[in-house]
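**Student:** My file is upload-v5.csv. It has CSV, C-alpha atoms and all ligand atoms:
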```
chain,number,residue,atom,x,y,z
A,1,MET,CA,-28.8,-108.9,151.8
A,2,ASN,CA,-30.5,-111.3,154.2
A,3,ALA,CA,-30.9,-109.6,157.7
A,4,SER,CA,-29.5,-112.7,159.3
A,5,THR,CA,-26.3,-113.1,157.2
A,6,SER,CA,-23.2,-112.6,159.3
A,7,ILE,CA,-20.7,-109.9,158.4
A,8,LYS,CA,-17.0,-110.4,158.6
A,9,VAL,CA,-15.2,-107.6,160.5
A,10,GLU,CA,-12.4,-106.2,158.3
A,11,LEU,CA,-11.2,-103.1,160.2
A,12,GLY,CA,-7.9,-101.4,160.8
A,13,PRO,CA,-6.4,-101.8,164.3
A,14,VAL,CA,-7.6,-98.6,165.8
A,15,GLN,CA,-10.9,-98.9,164.1
A,16,GLU,CA,-11.4,-102.3,165.7
A,17,THR,CA,-11.7,-100.6,169.1
A,18,LEU,CA,-15.2,-99.5,168.2
A,19,LEU,CA,-16.3,-103.1,169.0
A,20,ILE,CA,-15.6,-102.5,172.7
A,21,PRO,CA,-18.3,-99.8,173.3
A,22,LEU,CA,-20.6,-101.6,170.9
A,23,LEU,CA,-20.4,-104.7,173.0
A,24,GLY,CA,-20.8,-102.6,176.2
A,25,ARG,CA,-24.1,-101.2,174.9
A,26,ALA,CA,-25.3,-104.6,173.9
A,27,GLU,CA,-24.5,-106.0,177.3
A,28,GLU,CA,-26.2,-103.1,179.1
A,29,THR,CA,-29.3,-103.7,177.0
A,30,LYS,CA,-29.6,-107.3,178.1
A,31,LYS,CA,-29.6,-106.2,181.8
A,32,LYS,CA,-32.9,-105.6,183.6
A,33,ARG,CA,-31.8,-102.1,184.7
A,34,GLY,CA,-29.0,-101.2,182.4
A,35,LEU,CA,-27.5,-97.8,181.7
A,36,LEU,CA,-29.2,-97.7,178.3
A,37,ARG,CA,-31.2,-99.7,175.8
A,38,ASP,CA,-29.6,-100.2,172.4
A,39,GLU,CA,-31.4,-103.0,170.5
A,40,LYS,CA,-29.3,-102.0,167.4
A,41,ALA,CA,-26.1,-102.8,169.3
A,42,VAL,CA,-27.5,-106.3,170.2
A,43,GLU,CA,-28.4,-106.9,166.6
A,44,ILE,CA,-25.0,-105.8,165.3
A,45,VAL,CA,-23.1,-107.9,167.8
A,46,ASP,CA,-25.2,-110.9,166.7
A,47,ARG,CA,-24.5,-110.3,163.1
A,48,LEU,CA,-20.7,-109.6,163.2
A,49,GLU,CA,-18.3,-112.5,162.8
A,50,TYR,CA,-15.9,-111.6,165.6
A,51,ASP,CA,-14.5,-113.1,168.8
A,52,PHE,CA,-16.3,-111.0,171.3
A,53,GLY,CA,-15.7,-113.7,173.9
A,54,LYS,CA,-12.3,-112.3,174.8
A,55,TRP,CA,-14.0,-109.4,176.4
A,56,LYS,CA,-16.7,-111.4,178.3
A,57,GLY,CA,-17.4,-109.9,181.7
A,58,ILE,CA,-14.7,-107.2,181.7
A,59,GLN,CA,-15.2,-104.0,183.7
A,60,SER,CA,-14.3,-101.8,180.7
A,61,LEU,CA,-17.6,-102.7,179.0
A,62,LEU,CA,-19.5,-101.0,181.8
A,63,GLY,CA,-16.9,-98.2,181.8
A,64,ALA,CA,-17.6,-97.6,178.1
A,65,SER,CA,-21.3,-97.3,178.7
A,66,ILE,CA,-20.9,-94.9,181.6
A,67,ARG,CA,-18.8,-92.8,179.4
A,68,THR,CA,-21.4,-93.0,176.6
A,69,ARG,CA,-24.2,-91.8,178.9
A,70,MET,CA,-22.0,-89.0,180.2
A,71,PHE,CA,-21.3,-87.9,176.7
A,72,ASP,CA,-25.0,-88.1,175.9
A,73,ARG,CA,-25.6,-85.6,178.7
A,74,PHE,CA,-23.2,-83.1,177.2
A,75,VAL,CA,-25.1,-83.4,173.9
A,76,GLU,CA,-28.5,-83.2,175.5
A,77,ARG,CA,-27.5,-80.0,177.3
A,78,PHE,CA,-26.2,-78.5,174.1
A,79,LEU,CA,-29.5,-79.3,172.3
A,80,ARG,CA,-31.5,-77.8,175.1
A,81,GLN,CA,-29.7,-74.5,174.4
A,82,SER,CA,-29.6,-74.9,170.6
A,83,PRO,CA,-32.4,-77.3,169.6
A,84,THR,CA,-31.7,-76.8,165.9
A,85,GLY,CA,-27.9,-77.0,166.3
A,86,THR,CA,-25.5,-79.3,164.5
A,87,VAL,CA,-23.8,-82.2,166.1
A,88,VAL,CA,-20.8,-83.9,164.6
A,89,GLU,CA,-20.0,-87.3,166.0
A,90,ILE,CA,-16.3,-87.7,165.3
A,91,GLY,CA,-15.0,-91.3,165.2
A,92,CYS,CA,-18.7,-92.4,165.5
A,93,GLY,CA,-17.9,-96.1,165.1
A,94,LEU,CA,-21.2,-97.9,165.4
A,95,ASN,CA,-22.5,-95.6,168.0
A,96,THR,CA,-26.2,-94.9,168.3
A,97,ARG,CA,-26.1,-91.5,170.0
A,98,PHE,CA,-28.4,-89.9,167.3
A,99,GLU,CA,-31.1,-92.5,168.3
A,100,ARG,CA,-30.7,-91.6,171.9
A,101,VAL,CA,-30.7,-87.8,171.8
A,102,ASP,CA,-32.5,-86.9,168.6
A,103,ASN,CA,-35.0,-84.1,169.3
A,104,GLY,CA,-36.5,-84.0,165.8
A,105,ARG,CA,-34.9,-80.7,164.9
A,106,LEU,CA,-31.1,-81.1,165.2
A,107,ARG,CA,-28.7,-81.7,162.2
A,108,TRP,CA,-26.3,-84.6,162.7
A,109,PHE,CA,-23.1,-85.8,161.0
A,110,ASP,CA,-21.4,-89.1,161.7
A,111,LEU,CA,-17.7,-89.0,160.8
A,112,ASP,CA,-15.3,-91.9,160.8
A,113,LEU,CA,-12.6,-93.5,158.7
A,114,PRO,CA,-13.7,-95.1,155.3
A,115,ASP,CA,-13.6,-98.7,156.5
A,116,VAL,CA,-15.8,-97.9,159.5
A,117,ILE,CA,-18.3,-95.9,157.4
A,118,SER,CA,-18.6,-98.8,155.0
A,119,LEU,CA,-19.4,-101.1,157.9
A,120,ARG,CA,-21.7,-98.5,159.4
A,121,ARG,CA,-23.7,-98.3,156.2
A,122,ARG,CA,-24.6,-102.0,156.5
A,123,PHE,CA,-26.7,-101.0,159.6
A,124,PHE,CA,-27.5,-97.3,159.4
A,125,GLU,CA,-28.9,-95.0,156.7
A,126,ASP,CA,-28.5,-91.3,156.0
A,127,GLY,CA,-31.7,-89.3,156.6
A,128,ALA,CA,-33.0,-85.8,156.1
A,129,ARG,CA,-31.1,-84.6,159.2
A,130,ARG,CA,-28.4,-87.2,159.4
A,131,THR,CA,-25.4,-87.7,157.2
A,132,MET,CA,-22.4,-90.1,157.3
A,133,LEU,CA,-19.0,-88.7,156.3
A,134,ALA,CA,-16.1,-90.9,155.4
A,135,GLY,CA,-12.7,-89.4,156.3
A,136,SER,CA,-10.2,-88.7,159.1
A,137,VAL,CA,-10.8,-86.0,161.7
A,138,LEU,CA,-7.5,-84.7,160.5
A,139,ASP,CA,-8.9,-84.0,157.0
A,140,ARG,CA,-10.6,-80.7,156.2
A,141,GLU,CA,-13.0,-81.8,153.4
A,142,TRP,CA,-15.7,-83.0,155.8
A,143,MET,CA,-15.9,-79.6,157.4
A,144,ASP,CA,-17.6,-77.9,154.4
A,145,PRO,CA,-21.0,-79.5,154.7
A,146,VAL,CA,-20.8,-79.0,158.4
A,147,LEU,CA,-20.0,-75.3,158.1
A,148,ALA,CA,-22.8,-74.9,155.6
A,149,THR,CA,-25.4,-75.7,158.3
A,150,GLY,CA,-24.6,-72.4,160.0
A,151,GLY,CA,-24.3,-73.9,163.5
A,152,PRO,CA,-24.3,-73.6,166.4
A,153,TRP,CA,-22.0,-76.6,166.4
A,154,MET,CA,-21.0,-79.3,168.9
A,155,PHE,CA,-18.3,-81.8,168.1
A,156,VAL,CA,-18.4,-85.0,170.1
A,157,SER,CA,-15.4,-87.2,170.1
A,158,GLU,CA,-15.8,-90.2,172.5
A,159,ALA,CA,-12.7,-92.3,172.8
A,160,VAL,CA,-11.2,-91.1,169.5
A,161,LEU,CA,-8.5,-88.4,170.1
A,162,ILE,CA,-6.9,-90.6,172.8
A,163,TYR,CA,-5.8,-93.0,170.0
A,164,LEU,CA,-3.9,-90.2,168.1
A,165,GLU,CA,-0.3,-89.0,168.7
A,166,ALA,CA,-0.4,-85.9,170.9
A,167,SER,CA,0.5,-83.7,168.0
A,168,LYS,CA,-2.3,-85.1,165.9
A,169,ALA,CA,-4.8,-84.7,168.7
A,170,LYS,CA,-3.8,-81.1,169.0
A,171,GLN,CA,-4.0,-80.7,165.2
A,172,ALA,CA,-7.6,-82.1,165.2
A,173,VAL,CA,-8.7,-79.7,168.0
A,174,LEU,CA,-7.0,-76.7,166.4
A,175,GLN,CA,-8.4,-77.3,162.9
A,176,ILE,CA,-11.9,-77.5,164.3
A,177,ALA,CA,-11.4,-74.4,166.6
A,178,ASP,CA,-10.0,-72.4,163.7
A,179,ARG,CA,-13.0,-73.2,161.4
A,180,PHE,CA,-15.8,-73.2,163.9
A,181,SER,CA,-15.6,-70.3,166.3
A,182,GLY,CA,-18.0,-70.5,169.2
A,183,ALA,CA,-18.3,-74.3,168.8
A,184,GLU,CA,-18.3,-76.7,171.7
A,185,LEU,CA,-16.0,-79.7,171.6
A,186,VAL,CA,-16.4,-82.6,174.0
A,187,PHE,CA,-13.7,-85.2,174.1
A,188,ASP,CA,-12.0,-87.5,176.6
A,189,THR,CA,-8.3,-87.6,177.7
A,190,THR,CA,-6.1,-90.2,179.3
A,191,ASP,CA,-3.2,-89.6,181.6
A,192,ARG,CA,0.3,-91.1,181.5
A,193,ALA,CA,-0.6,-94.0,183.9
A,194,MET,CA,-3.5,-95.1,181.7
A,195,VAL,CA,-1.5,-94.9,178.5
A,196,ALA,CA,1.4,-96.7,180.1
A,197,GLY,CA,-0.8,-99.4,181.7
A,198,GLN,CA,-2.5,-100.8,178.6
A,199,ALA,CA,-0.7,-104.2,178.8
A,200,ARG,CA,-2.8,-104.7,182.0
A,201,HIS,CA,-6.0,-103.0,180.6
A,202,ASP,CA,-8.8,-105.6,180.5
A,203,ALA,CA,-9.9,-104.7,177.0
A,204,MET,CA,-6.8,-103.2,175.3
A,205,ARG,CA,-4.5,-106.1,176.2
A,206,HIS,CA,-6.5,-108.3,173.8
A,207,LEU,CA,-5.7,-106.0,170.9
A,208,PRO,CA,-2.4,-105.4,169.1
A,209,LYS,CA,-0.3,-102.4,170.3
A,210,GLU,CA,-1.2,-100.5,167.1
A,211,SER,CA,-4.7,-100.2,168.5
A,212,TRP,CA,-3.7,-98.7,171.8
A,213,PHE,CA,-4.2,-95.1,173.2
A,214,ARG,CA,-1.3,-92.8,172.5
A,215,TRP,CA,-2.2,-89.2,173.6
A,216,VAL,CA,-0.9,-88.6,177.1
A,217,CYS,CA,-2.8,-85.6,178.7
A,218,ASP,CA,-2.2,-85.3,182.4
A,219,ASP,CA,-4.0,-82.0,182.7
A,220,PRO,CA,-6.7,-81.0,180.2
A,221,LYS,CA,-6.2,-77.4,181.2
A,222,GLU,CA,-3.1,-77.5,179.0
A,223,ILE,CA,-5.4,-77.3,176.0
A,224,GLU,CA,-6.2,-73.6,176.7
A,225,ALA,CA,-2.6,-72.8,175.9
A,226,TRP,CA,-2.9,-74.2,172.4
A,227,ARG,CA,-4.7,-71.2,171.0
A,228,PRO,CA,-6.2,-67.9,172.3
A,229,GLY,CA,-9.9,-68.3,172.9
A,230,LEU,CA,-9.8,-72.0,173.6
A,231,GLU,CA,-11.5,-72.5,177.0
A,232,LEU,CA,-11.9,-75.6,179.1
A,233,ILE,CA,-15.4,-75.2,180.5
A,234,GLU,CA,-15.7,-78.5,182.3
A,235,SER,CA,-13.7,-81.6,183.0
A,236,LYS,CA,-15.3,-84.6,184.6
A,237,THR,CA,-14.3,-88.0,185.9
A,238,PHE,CA,-16.6,-91.0,186.4
A,239,VAL,CA,-17.1,-89.8,190.0
A,240,ASP,CA,-18.9,-86.7,188.5
A,241,ALA,CA,-21.5,-88.8,186.7
A,242,ASP,CA,-25.1,-87.6,187.2
A,243,PRO,CA,-26.9,-89.3,190.1
A,244,ASP,CA,-29.4,-91.0,187.7
A,245,ILE,CA,-26.5,-92.6,185.9
A,246,VAL,CA,-24.8,-93.7,189.1
A,247,GLU,CA,-28.1,-95.1,190.4
A,248,ARG,CA,-28.1,-97.7,187.6
A,249,LEU,CA,-24.7,-99.0,188.3
A,250,PRO,CA,-24.0,-102.3,190.2
A,251,LEU,CA,-24.2,-101.8,194.0
A,252,SER,CA,-20.4,-102.2,194.5
A,253,ILE,CA,-19.6,-99.3,192.2
A,254,ARG,CA,-22.4,-97.2,193.6
A,255,LEU,CA,-20.9,-97.6,197.0
A,256,LEU,CA,-17.5,-96.7,195.7
A,257,VAL,CA,-18.8,-93.5,194.1
A,258,ARG,CA,-20.8,-92.5,197.1
A,259,TRP,CA,-18.5,-93.4,200.0
A,260,VAL,CA,-14.9,-93.8,198.8
A,261,PRO,CA,-14.7,-91.9,195.6
A,262,PHE,CA,-10.9,-91.4,196.1
A,263,LEU,CA,-10.5,-95.2,195.6
A,264,LEU,CA,-12.3,-94.9,192.2
A,265,LEU,CA,-10.3,-91.8,191.4
A,266,ARG,CA,-7.1,-93.7,192.1
A,267,ARG,CA,-8.0,-96.3,189.5
A,268,ALA,CA,-9.8,-94.2,186.9
A,269,GLY,CA,-9.1,-90.5,187.8
A,270,GLY,CA,-6.7,-90.1,184.9
A,271,TYR,CA,-9.6,-90.6,182.5
A,272,ARG,CA,-11.5,-87.3,182.0
A,273,LEU,CA,-14.4,-86.1,179.9
A,274,ASN,CA,-13.8,-82.5,178.8
A,275,ARG,CA,-16.0,-79.7,177.4
A,276,VAL,CA,-14.1,-77.0,175.5
A,277,ARG,CA,-15.3,-73.9,173.8
A,278,SER,CA,-13.5,-72.8,170.6
A,279,GLY,CA,-14.0,-69.1,171.1
A,280,PRO,CA,-16.5,-66.5,172.2
A,281,ARG,CA,-20.1,-67.4,171.4
A,282,ASP,CA,-20.8,-64.0,169.8
A,283,GLU,CA,-18.6,-65.1,166.9
A,284,ILE,CA,-21.0,-67.9,165.9
A,285,PRO,CA,-21.3,-67.4,162.2
A,286,SER,CA,-24.9,-68.8,162.2
A,287,LYS,CA,-25.9,-65.1,162.8
A,288,ARG,CA,-24.7,-64.4,159.3
A,289,PRO,CA,-27.6,-64.3,156.8
A,290,ALA,CA,-25.7,-66.1,154.0
A,291,LEU,CA,-25.0,-69.1,156.2
A,292,GLU,CA,-28.6,-69.1,157.4
A,293,ARG,CA,-29.7,-69.4,153.8
A,294,ALA,CA,-27.3,-72.3,153.2
A,295,ARG,CA,-28.8,-74.0,156.2
A,296,SER,CA,-32.4,-73.9,155.1
A,297,GLY,CA,-31.5,-74.5,151.4
A,298,GLY,CA,-28.9,-77.2,151.4
A,299,ALA,CA,-28.6,-78.8,154.7
A,300,ALA,CA,-31.3,-81.5,154.4
B,1,LIG,C1,-13.0,-96.8,170.7
B,1,LIG,S1,-13.7,-96.4,169.1
B,1,LIG,C2,-15.0,-95.3,169.6
B,1,LIG,C3,-16.2,-95.4,168.7
B,1,LIG,C4,-17.4,-94.5,169.1
B,1,LIG,N1,-17.0,-93.1,169.4
B,1,LIG,C5,-18.1,-95.1,170.3
B,1,LIG,O1,-17.9,-94.6,171.4
B,1,LIG,O2,-18.8,-96.1,170.1
B,1,LIG,C6,-12.6,-95.3,168.3
B,1,LIG,C7,-13.1,-94.8,167.0
B,1,LIG,O3,-12.3,-93.7,166.6
B,1,LIG,C8,-12.2,-93.8,165.2
B,1,LIG,N2,-11.0,-93.1,164.7
B,1,LIG,C9,-9.7,-93.3,165.0
B,1,LIG,N3,-8.9,-92.5,164.3
B,1,LIG,C10,-9.7,-91.6,163.6
B,1,LIG,C11,-9.5,-90.5,162.8
B,1,LIG,N4,-8.2,-90.1,162.5
B,1,LIG,N5,-10.5,-89.9,162.2
B,1,LIG,C12,-11.8,-90.3,162.5
B,1,LIG,N6,-12.1,-91.4,163.3
B,1,LIG,C13,-11.0,-92.0,163.9
B,1,LIG,C14,-12.1,-95.3,164.9
B,1,LIG,O4,-12.3,-95.7,163.6
B,1,LIG,C15,-13.2,-95.8,165.9
B,1,LIG,O5,-14.4,-95.8,165.3
```
Starting from the file, lay out its structure as structure tokens.
Ligand SMILES: C[S@@+](CC[C@H](N)C(=O)[O-])C[C@H]1O[C@@H](n2cnc3c(N)ncnc32)[C@H](O)[C@@H]1O
**Tutor:**
Amino acid sequence: MNASTSIKVELGPVQETLLIPLLGRAEETKKKRGLLRDEKAVEIVDRLEYDFGKWKGIQSLLGASIRTRMFDRFVERFLRQSPTGTVVEIGCGLNTRFERVDNGRLRWFDLDLPDVISLRRRFFEDGARRTMLAGSVLDREWMDPVLATGGPWMFVSEAVLIYLEASKAKQAVLQIADRFSGAELVFDTTDRAMVAGQARHDAMRHLPKESWFRWVCDDPKEIEAWRPGLELIESKTFVDADPDIVERLPLSIRLLVRWVPFLLLRRAGGYRLNRVRSGPRDEIPSKRPALERARSGGAA
């Protein structure tokens, strides 16, 4: 297909939300000192037949990119400890995290619903260390090739579980924790006020209610009670972003973070980025020889 041909967006209502962070990354790329550079996002936004104008200039675009950079940091830290580890990007949408964090040695899986993966395949290709998987996080089939790598594993879920009913979000976390002991899971949560306030949310109010967040999580610590061994290692808000991320934000927000963080927390403190461990690290099955063999033989 001609690289300039436009592509109609035909996505389910929750899937459509992937266009918000996509546009956020494209907009940051056009700035002189944006939070990230993502030429692919610019290209995709140009190619998609979609009314992006409804989100022009909204704050949430910047919020989505701050969140993305904070998630990148979680992954980068995991890869410093486990350079040949496996990362599963759950609900990847059209994200380009692999491009940002690839260290040349990791193993990567991009998982999303089938309509998203079909769209993703128009712009991205599988590679020796990177594989797209079509399915729901609530399925179990996608876990087999991931398990075969032998780990260690990190599961990244940026703005995905928040769209599920609470029971389904819990199911997703527990299914992963049961199968991948010692894994790290990073995912965000939204509190009651955020979930209830979507009619006023600058991005979500332009989408049908079926697209909105559902999972109310006022205190991520509650996750530890879901299963023995689940441990909340870290829970951050935007105020906890690393200084080099904050330094690239517009002056008005930098001042808020620096001098009156409680004002920012009042507006966005119910949104948290959480790092959870699924069990003790010494249970990581990568130490088992059979799985090591599966990794070197079949994981390309
Ligand atoms: C707001 S978008 C975030 C996309 C991506 N994580 C990013 O930050 O660019 C939400 C994503 O979650 C995906 N999603 C929703 N429910 C899902 C499910 N049950 N299994 C896998 N992905 C799902 C959607 O298809 C969509 O790509």
**Student:** So what do you get for CA of Ser278 (chain A) versus CA of Ala177 (chain A), distance-wise?
**Tutor:**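 Spanning CA of Ser278 (chain A) to CA of Ala177 (chain A) is a straight-line distance of 4.8 Å.
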**Student:** For Arg37 (chain A), find every residue with an atom within 7 Å (counting only C-alpha atoms), except residues of its own chain fewer than 2 positions away, and show them as a list of chain:residue names.
**Tutor:**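 Those residues are A:Glu28, A:Thr29, A:Glu39.
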**Student:** Counting all atoms listed in the file, which protein, DNA or RNA residues come within 6 Å of ligand LIG 1 (chain B), given as a list of chain:residue names?
**Tutor:**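 The neighbouring residues of ligand LIG 1 (chain B) are, in order, A:Val14, A:Gln15, A:Thr17, A:Leu18, A:Pro21, A:Leu22, A:Ile90, A:Gly91, A:Cys92, A:Gly93, A:Leu94, A:Asn95, A:Asp112, A:Leu113, A:Val116, A:Ser136, A:Val137, A:Leu138, A:Glu158, A:Ala159, A:Val160.
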**Student:** If we count only C-alpha atoms, what is near Phe109 (chain A) at a cut-off of 8 Å, once residues fewer than 5 positions away on the same chain are taken out, given as a PDB file with C-alpha atoms, in the coordinates of the input?
**Tutor:**
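Written file, result_29.pdb:
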```pdb
ATOM      1  CA  THR A  86     -25.500 -79.300 164.500  1.00  0.00           C
ATOM      2  CA  VAL A  87     -23.800 -82.200 166.100  1.00  0.00           C
ATOM      3  CA  VAL A  88     -20.800 -83.900 164.600  1.00  0.00           C
ATOM      4  CA  GLU A  89     -20.000 -87.300 166.000  1.00  0.00           C
ATOM      5  CA  ARG A 130     -28.400 -87.200 159.400  1.00  0.00           C
ATOM      6  CA  THR A 131     -25.400 -87.700 157.200  1.00  0.00           C
ATOM      7  CA  MET A 132     -22.400 -90.100 157.300  1.00  0.00           C
ATOM      8  CA  LEU A 133     -19.000 -88.700 156.300  1.00  0.00           C
ATOM      9  CA  VAL A 146     -20.800 -79.000 158.400  1.00  0.00           C
TER      10      VAL A 146
END
```
**Student:** From the list A:Arg120, A:Arg25, A:Lys32, A:Lys8, which residue is nearest Glu49 (chain A) when using all atoms listed in the file?
**Tutor:** A:Lys8
**Student:** From the list A:Gly127, A:Pro114, A:Gly57, A:Gly229, which residue is nearest Gly12 (chain A) when using all atoms listed in the file?
**Tutor:** A:Pro114
**Student:** Between A:Ser82, A:Glu224, A:Val239, A:Arg248, which residue has the minimum interatomic distance to Val260 (chain A), considering all atoms listed in the file?
**Tutor:**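 The shortest atom-to-atom distance to Val260 (chain A) comes from A:Val239.
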**Student:** Please list as a ChimeraX atom specification every residue within 10 Å of Ala169 (chain A), counting all atoms listed in the file and excluding residues in the same chain fewer than 3 positions away.
**Tutor:** /A:137-138,160-166,172-174,214-215
**Student:** Which distance in Å separates CA of Asp242 (chain A) and CA of Arg33 (chain A), to one decimal?
**Tutor:** 16.2 Å
**Student:** To one decimal place, how far is CA of Gly279 (chain A) from CA of Ala148 (chain A) in Å?
**Tutor:**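 Interatomic distance here is 18.7 Å.
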**Student:** Using all atoms listed in the file for the distances, tell me which of A:Ser60, A:Thr68, A:Glu16, A:Arg105 is nearest to Arg80 (chain A).
**Tutor:**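 The closest residue to Arg80 (chain A) is A:Arg105.
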**Student:** For Ile117 (chain A), which residue among A:Arg200, A:Asp144, A:Gly135, A:Trp259 is the nearest when counting only C-alpha atoms?
**Tutor:**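 Result for the nearest residue to Ile117 (chain A): A:Gly135.
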**Student:** Identify, on the basis of all atoms listed in the file, every residue whose closest approach to Leu273 (chain A) does not exceed 10 Å; exclude the query and any residue fewer than 5 positions from it along the same chain; express the result as an mmCIF file with C-alpha atoms, in the coordinates of the input.
**Tutor:**
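Full text of part13.cif as output:
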```
data_model
loop_
_atom_site.group_PDB
_atom_site.id
_atom_site.type_symbol
_atom_site.label_atom_id
_atom_site.label_comp_id
_atom_site.auth_asym_id
_atom_site.auth_seq_id
_atom_site.Cartn_x
_atom_site.Cartn_y
_atom_site.Cartn_z
ATOM 1 C CA ARG A 67 -18.800 -92.800 179.400
ATOM 2 C CA MET A 70 -22.000 -89.000 180.200
ATOM 3 C CA PHE A 71 -21.300 -87.900 176.700
ATOM 4 C CA PHE A 74 -23.200 -83.100 177.200
ATOM 5 C CA SER A 157 -15.400 -87.200 170.100
ATOM 6 C CA GLU A 158 -15.800 -90.200 172.500
ATOM 7 C CA ALA A 159 -12.700 -92.300 172.800
ATOM 8 C CA VAL A 186 -16.400 -82.600 174.000
ATOM 9 C CA PHE A 187 -13.700 -85.200 174.100
ATOM 10 C CA ASP A 188 -12.000 -87.500 176.600
ATOM 11 C CA THR A 189 -8.300 -87.600 177.700
ATOM 12 C CA THR A 190 -6.100 -90.200 179.300
ATOM 13 C CA PRO A 220 -6.700 -81.000 180.200
ATOM 14 C CA GLU A 234 -15.700 -78.500 182.300
ATOM 15 C CA SER A 235 -13.700 -81.600 183.000
ATOM 16 C CA LYS A 236 -15.300 -84.600 184.600
ATOM 17 C CA THR A 237 -14.300 -88.000 185.900
ATOM 18 C CA PHE A 238 -16.600 -91.000 186.400
ATOM 19 C CA ASP A 240 -18.900 -86.700 188.500
#
```
**Student:** Give me the residues within 9 Å of Val101 (chain A) as a ChimeraX atom specification, counting all atoms listed in the file and dropping any in the same chain fewer than 4 places off.
**Tutor:** /A:72-73,75-76,79,97
**Student:** Choose the residue, out of A:Met154, A:Arg121, A:Ser167, A:Ser65, that has the smallest atom-to-atom separation from Ile223 (chain A); count all atoms listed in the file.
**Tutor:** A:Ser167
